[in-house]
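Chemist: So I've got this file, query.txt, and it contains compact mmCIF, N, CA and C atoms:
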```txt
# COMPACT_ATOMS: atom_id res chain seq x y z
N ASP A 1 60.55 -86.56 57.03
CA ASP A 1 59.69 -87.14 55.99
C ASP A 1 60.26 -86.85 54.61
N VAL A 2 60.11 -87.81 53.73
CA VAL A 2 60.58 -87.65 52.36
C VAL A 2 59.52 -86.88 51.56
N SER A 3 59.94 -85.81 50.88
CA SER A 3 58.99 -85.05 50.07
C SER A 3 58.97 -85.53 48.63
N LYS A 4 60.14 -85.97 48.13
CA LYS A 4 60.18 -86.51 46.77
C LYS A 4 61.48 -87.25 46.53
N VAL A 5 61.49 -87.98 45.41
CA VAL A 5 62.69 -88.68 44.94
C VAL A 5 62.99 -88.08 43.57
N GLU A 6 64.28 -87.83 43.29
CA GLU A 6 64.60 -87.28 41.97
C GLU A 6 65.95 -87.77 41.48
N PHE A 7 66.06 -87.81 40.15
CA PHE A 7 67.33 -88.10 39.48
C PHE A 7 67.92 -86.78 39.03
N GLU A 8 69.23 -86.63 39.19
CA GLU A 8 69.89 -85.44 38.65
C GLU A 8 69.81 -85.49 37.12
N ASN A 9 70.10 -86.66 36.56
CA ASN A 9 69.94 -86.90 35.13
C ASN A 9 68.93 -88.04 35.00
N ALA A 10 67.75 -87.74 34.46
CA ALA A 10 66.65 -88.71 34.48
C ALA A 10 66.53 -89.51 33.19
N SER A 11 67.54 -89.39 32.31
CA SER A 11 67.47 -90.18 31.08
C SER A 11 68.87 -90.38 30.50
N ALA A 12 68.97 -91.38 29.65
CA ALA A 12 70.22 -91.66 28.94
C ALA A 12 69.89 -92.38 27.65
N THR A 13 70.73 -92.18 26.65
CA THR A 13 70.57 -92.86 25.37
C THR A 13 71.91 -93.48 25.01
N TYR A 14 71.87 -94.77 24.65
CA TYR A 14 73.08 -95.48 24.26
C TYR A 14 72.82 -96.25 22.98
N LYS A 15 73.89 -96.50 22.24
CA LYS A 15 73.83 -97.40 21.10
C LYS A 15 73.69 -98.82 21.64
N GLN A 16 73.10 -99.67 20.83
CA GLN A 16 72.91 -101.06 21.23
C GLN A 16 74.25 -101.71 21.54
N GLY A 17 74.29 -102.53 22.58
CA GLY A 17 75.50 -103.24 22.97
C GLY A 17 75.54 -103.45 24.47
N GLU A 18 76.29 -104.46 24.88
CA GLU A 18 76.39 -104.77 26.31
C GLU A 18 77.07 -103.65 27.07
N ARG A 19 76.54 -103.32 28.23
CA ARG A 19 77.17 -102.32 29.09
C ARG A 19 76.51 -102.39 30.45
N SER A 20 77.17 -101.78 31.41
CA SER A 20 76.52 -101.57 32.69
C SER A 20 76.96 -100.23 33.23
N PHE A 21 76.08 -99.61 33.98
CA PHE A 21 76.36 -98.29 34.54
C PHE A 21 75.48 -98.10 35.76
N LYS A 22 75.81 -97.10 36.55
CA LYS A 22 75.08 -96.86 37.79
C LYS A 22 74.25 -95.59 37.67
N ILE A 23 73.01 -95.68 38.15
CA ILE A 23 72.17 -94.49 38.23
C ILE A 23 71.96 -94.17 39.70
N THR A 24 71.76 -92.91 40.01
CA THR A 24 71.60 -92.50 41.40
C THR A 24 70.44 -91.53 41.54
N ALA A 25 69.50 -91.91 42.37
CA ALA A 25 68.40 -91.02 42.72
C ALA A 25 68.62 -90.55 44.15
N LYS A 26 68.14 -89.37 44.45
CA LYS A 26 68.27 -88.82 45.80
C LYS A 26 66.90 -88.47 46.33
N VAL A 27 66.75 -88.60 47.66
CA VAL A 27 65.50 -88.17 48.27
C VAL A 27 65.64 -86.71 48.67
N LYS A 28 64.53 -86.02 48.70
CA LYS A 28 64.45 -84.64 49.18
C LYS A 28 63.48 -84.63 50.35
N PRO A 29 63.66 -83.86 51.36
CA PRO A 29 64.79 -82.94 51.54
C PRO A 29 66.09 -83.69 51.84
N ASP A 30 67.20 -82.98 51.73
CA ASP A 30 68.51 -83.58 51.96
C ASP A 30 68.67 -84.11 53.38
N ASN A 31 67.91 -83.58 54.33
CA ASN A 31 68.04 -84.00 55.73
C ASN A 31 67.00 -85.04 56.14
N ALA A 32 66.39 -85.71 55.16
CA ALA A 32 65.41 -86.76 55.47
C ALA A 32 66.07 -87.81 56.36
N THR A 33 65.34 -88.29 57.34
CA THR A 33 65.88 -89.27 58.28
C THR A 33 66.36 -90.52 57.57
N ASN A 34 65.55 -91.03 56.64
CA ASN A 34 65.91 -92.21 55.87
C ASN A 34 66.06 -91.79 54.41
N ASP A 35 67.32 -91.72 53.94
CA ASP A 35 67.56 -91.27 52.56
C ASP A 35 67.80 -92.44 51.60
N LYS A 36 67.44 -93.64 52.02
CA LYS A 36 67.68 -94.81 51.18
C LYS A 36 66.67 -94.88 50.03
N VAL A 37 67.17 -95.36 48.88
CA VAL A 37 66.36 -95.50 47.68
C VAL A 37 66.57 -96.91 47.14
N THR A 38 65.52 -97.52 46.62
CA THR A 38 65.65 -98.82 45.98
C THR A 38 65.21 -98.68 44.52
N TYR A 39 65.73 -99.55 43.66
CA TYR A 39 65.51 -99.44 42.22
C TYR A 39 64.86 -100.70 41.68
N ALA A 40 64.00 -100.54 40.68
CA ALA A 40 63.36 -101.69 40.03
C ALA A 40 62.98 -101.30 38.61
N MET A 41 62.88 -102.29 37.74
CA MET A 41 62.39 -102.03 36.39
C MET A 41 60.90 -101.73 36.50
N ALA A 42 60.41 -100.81 35.68
CA ALA A 42 58.99 -100.50 35.66
C ALA A 42 58.21 -101.73 35.21
N GLU A 43 57.00 -101.86 35.71
CA GLU A 43 56.14 -102.98 35.34
C GLU A 43 55.96 -102.98 33.82
N GLY A 44 56.02 -104.16 33.23
CA GLY A 44 55.82 -104.26 31.79
C GLY A 44 57.05 -103.94 30.96
N SER A 45 58.20 -103.79 31.62
CA SER A 45 59.43 -103.50 30.88
C SER A 45 59.81 -104.68 30.00
N ASN A 46 60.38 -104.38 28.84
CA ASN A 46 60.86 -105.43 27.96
C ASN A 46 62.08 -106.09 28.59
N ALA A 47 62.33 -107.33 28.18
CA ALA A 47 63.53 -108.03 28.64
C ALA A 47 64.76 -107.35 28.06
N GLY A 48 65.92 -107.60 28.67
CA GLY A 48 67.17 -107.10 28.11
C GLY A 48 67.88 -106.10 28.99
N VAL A 49 67.15 -105.49 29.92
CA VAL A 49 67.76 -104.54 30.84
C VAL A 49 67.33 -104.92 32.25
N THR A 50 68.30 -104.93 33.17
CA THR A 50 68.00 -105.19 34.58
C THR A 50 68.64 -104.10 35.43
N VAL A 51 68.11 -103.96 36.64
CA VAL A 51 68.70 -103.02 37.59
C VAL A 51 68.71 -103.72 38.94
N ASP A 52 69.81 -103.54 39.70
CA ASP A 52 69.84 -104.12 41.04
C ASP A 52 69.40 -103.07 42.06
N ALA A 53 69.30 -103.47 43.31
CA ALA A 53 68.78 -102.60 44.36
C ALA A 53 69.65 -101.36 44.57
N ASN A 54 70.92 -101.42 44.12
CA ASN A 54 71.85 -100.30 44.29
C ASN A 54 71.90 -99.36 43.09
N GLY A 55 71.10 -99.65 42.06
CA GLY A 55 71.06 -98.77 40.90
C GLY A 55 72.04 -99.11 39.80
N VAL A 56 72.61 -100.32 39.85
CA VAL A 56 73.50 -100.74 38.77
C VAL A 56 72.65 -101.35 37.65
N VAL A 57 72.69 -100.69 36.49
CA VAL A 57 71.90 -101.10 35.34
C VAL A 57 72.77 -101.95 34.43
N THR A 58 72.23 -103.11 34.01
CA THR A 58 72.94 -103.99 33.10
C THR A 58 72.12 -104.15 31.84
N VAL A 59 72.77 -103.84 30.70
CA VAL A 59 72.11 -103.88 29.40
C VAL A 59 72.68 -105.05 28.61
N SER A 60 71.80 -105.91 28.09
CA SER A 60 72.26 -107.04 27.29
C SER A 60 72.51 -106.59 25.85
N ALA A 61 73.22 -107.42 25.10
CA ALA A 61 73.55 -107.08 23.71
C ALA A 61 72.30 -106.97 22.85
N GLU A 62 71.23 -107.69 23.21
CA GLU A 62 70.01 -107.71 22.40
C GLU A 62 69.07 -106.55 22.71
N ALA A 63 69.28 -105.87 23.83
CA ALA A 63 68.34 -104.84 24.27
C ALA A 63 68.24 -103.71 23.25
N VAL A 64 67.00 -103.29 22.97
CA VAL A 64 66.76 -102.15 22.10
C VAL A 64 65.40 -101.56 22.46
N GLY A 65 65.30 -100.23 22.37
CA GLY A 65 64.03 -99.58 22.69
C GLY A 65 64.11 -98.75 23.95
N GLU A 66 62.93 -98.49 24.54
CA GLU A 66 62.88 -97.64 25.72
C GLU A 66 62.60 -98.47 26.96
N TYR A 67 63.33 -98.19 28.01
CA TYR A 67 63.20 -98.89 29.28
C TYR A 67 63.01 -97.87 30.39
N ARG A 68 62.18 -98.19 31.35
CA ARG A 68 61.94 -97.28 32.47
C ARG A 68 62.34 -97.96 33.77
N ILE A 69 63.12 -97.23 34.55
CA ILE A 69 63.60 -97.72 35.84
C ILE A 69 63.01 -96.81 36.91
N VAL A 70 62.41 -97.43 37.92
CA VAL A 70 61.75 -96.66 38.97
C VAL A 70 62.60 -96.68 40.23
N ALA A 71 62.87 -95.50 40.76
CA ALA A 71 63.55 -95.37 42.05
C ALA A 71 62.47 -95.03 43.08
N SER A 72 62.46 -95.76 44.19
CA SER A 72 61.46 -95.54 45.23
C SER A 72 62.13 -95.26 46.55
N SER A 73 61.55 -94.36 47.31
CA SER A 73 62.01 -94.09 48.67
C SER A 73 61.70 -95.30 49.54
N VAL A 74 62.70 -95.75 50.31
CA VAL A 74 62.47 -96.87 51.23
C VAL A 74 61.53 -96.43 52.35
N ALA A 75 61.67 -95.18 52.81
CA ALA A 75 60.84 -94.67 53.90
C ALA A 75 59.39 -94.48 53.47
N ASP A 76 59.19 -94.06 52.22
CA ASP A 76 57.84 -93.81 51.70
C ASP A 76 57.78 -94.25 50.25
N PRO A 77 57.45 -95.54 50.02
CA PRO A 77 57.46 -96.10 48.66
C PRO A 77 56.53 -95.41 47.67
N SER A 78 55.62 -94.55 48.16
CA SER A 78 54.76 -93.83 47.23
C SER A 78 55.52 -92.70 46.54
N LYS A 79 56.70 -92.34 47.07
CA LYS A 79 57.54 -91.30 46.46
C LYS A 79 58.51 -91.98 45.50
N THR A 80 58.35 -91.69 44.22
CA THR A 80 59.16 -92.36 43.19
C THR A 80 59.67 -91.36 42.16
N ALA A 81 60.67 -91.80 41.40
CA ALA A 81 61.17 -91.06 40.24
C ALA A 81 61.45 -92.09 39.15
N VAL A 82 61.34 -91.66 37.90
CA VAL A 82 61.53 -92.58 36.79
C VAL A 82 62.74 -92.16 35.95
N PHE A 83 63.58 -93.13 35.65
CA PHE A 83 64.74 -92.94 34.78
C PHE A 83 64.39 -93.60 33.45
N VAL A 84 64.54 -92.87 32.35
CA VAL A 84 64.23 -93.41 31.02
C VAL A 84 65.53 -93.71 30.27
N LEU A 85 65.69 -94.97 29.91
CA LEU A 85 66.86 -95.42 29.17
C LEU A 85 66.43 -95.78 27.76
N THR A 86 67.09 -95.19 26.78
CA THR A 86 66.78 -95.48 25.38
C THR A 86 67.98 -96.15 24.74
N ILE A 87 67.74 -97.31 24.12
CA ILE A 87 68.81 -98.05 23.42
C ILE A 87 68.49 -97.99 21.93
N THR A 88 69.40 -97.42 21.15
CA THR A 88 69.17 -97.27 19.72
C THR A 88 70.03 -98.26 18.94
N VAL A 89 69.56 -98.59 17.74
CA VAL A 89 70.30 -99.54 16.89
C VAL A 89 71.45 -98.84 16.22
```
Would you give me this structure, written as structure tokens?

Modeler:
Amino acid sequence: DVSKVEFENASATYKQGERSFKITAKVKPDNATNDKVTYAMAEGSNAGVTVDANGVVTVSAEAVGEYRIVASSVADPSKTAVFVLTITV
């Protein structure tokens, strides 16, 4: 059973501009039968940042502000972690 989902680094701050990078969340315990995690933008997120199911985050040139990305355990979707991305001007 999955006890929790966590990010090693749960936040990042970048200057405005196009970029993409990968975030990685892990399930705990390390020996969980299903250690798969899926990623999605938090509900109500502003446009300009997207994340795919593998955790690849794509930031558009216009993106600015705070964005939240939610990682969820595939085995137990109630177990989540939030990554906070801040884009500054």

Chemist: Edge lengths and centre in Å to one decimal, as lines of an AutoDock Vina configuration file, is what I'm after for the box along x, y and z that holds all listed atoms of segment 18-28 of chain A once 5 Å is added on each side.

Modeler:
```
center_x = 70.3
center_y = -94.7
center_z = 37.6
size_x = 23.7
size_y = 30.1
size_z = 35.5
```

Chemist: Within 8 Å of Glu62 of chain A, counting only C-alpha atoms, which residues qualify if same-chain residues fewer than 6 places away don't, as a VMD selection string?

Modeler: chain A and resid 16 to 17 48

Chemist: Given only N, CA and C atoms as the basis, pick out the residue of A:Thr86, A:Ser45, A:Thr50, A:Thr58 nearest to Tyr14 of chain A.

Modeler: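 Between A:Thr86, A:Ser45, A:Thr50, A:Thr58, the residue approaching Tyr14 of chain A most closely is A:Thr86.
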
Chemist: Tell me which residues come within 6 Å of (72.9, -94.9, 19.0), as a PyMOL selection string, counting only C-alpha atoms in the file's coordinates.

Modeler: chain A and resi 14-15+88-89

Chemist: Would you work out the distance separating atom N of Lys36 of chain A from atom C of Ala10 of chain A, expressed in Å to one decimal?

Modeler: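 We find that atom N of Lys36 of chain A and atom C of Ala10 of chain A lie 19.3 Å from each other.
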
Chemist: What is the atom CA of Val82 of chain A to atom CA of Glu18 of chain A distance in Å?

Modeler: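 Value for the atom CA of Val82 of chain A-atom CA of Glu18 of chain A distance: 21.9 Å.
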
Chemist: Considering only C-alpha atoms, can you say which of A:Thr24, A:Asn46, A:Thr33, A:Asn9 comes closest to Glu66 of chain A?

Modeler: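 Under the stated criterion, the closest residue is A:Asn46.
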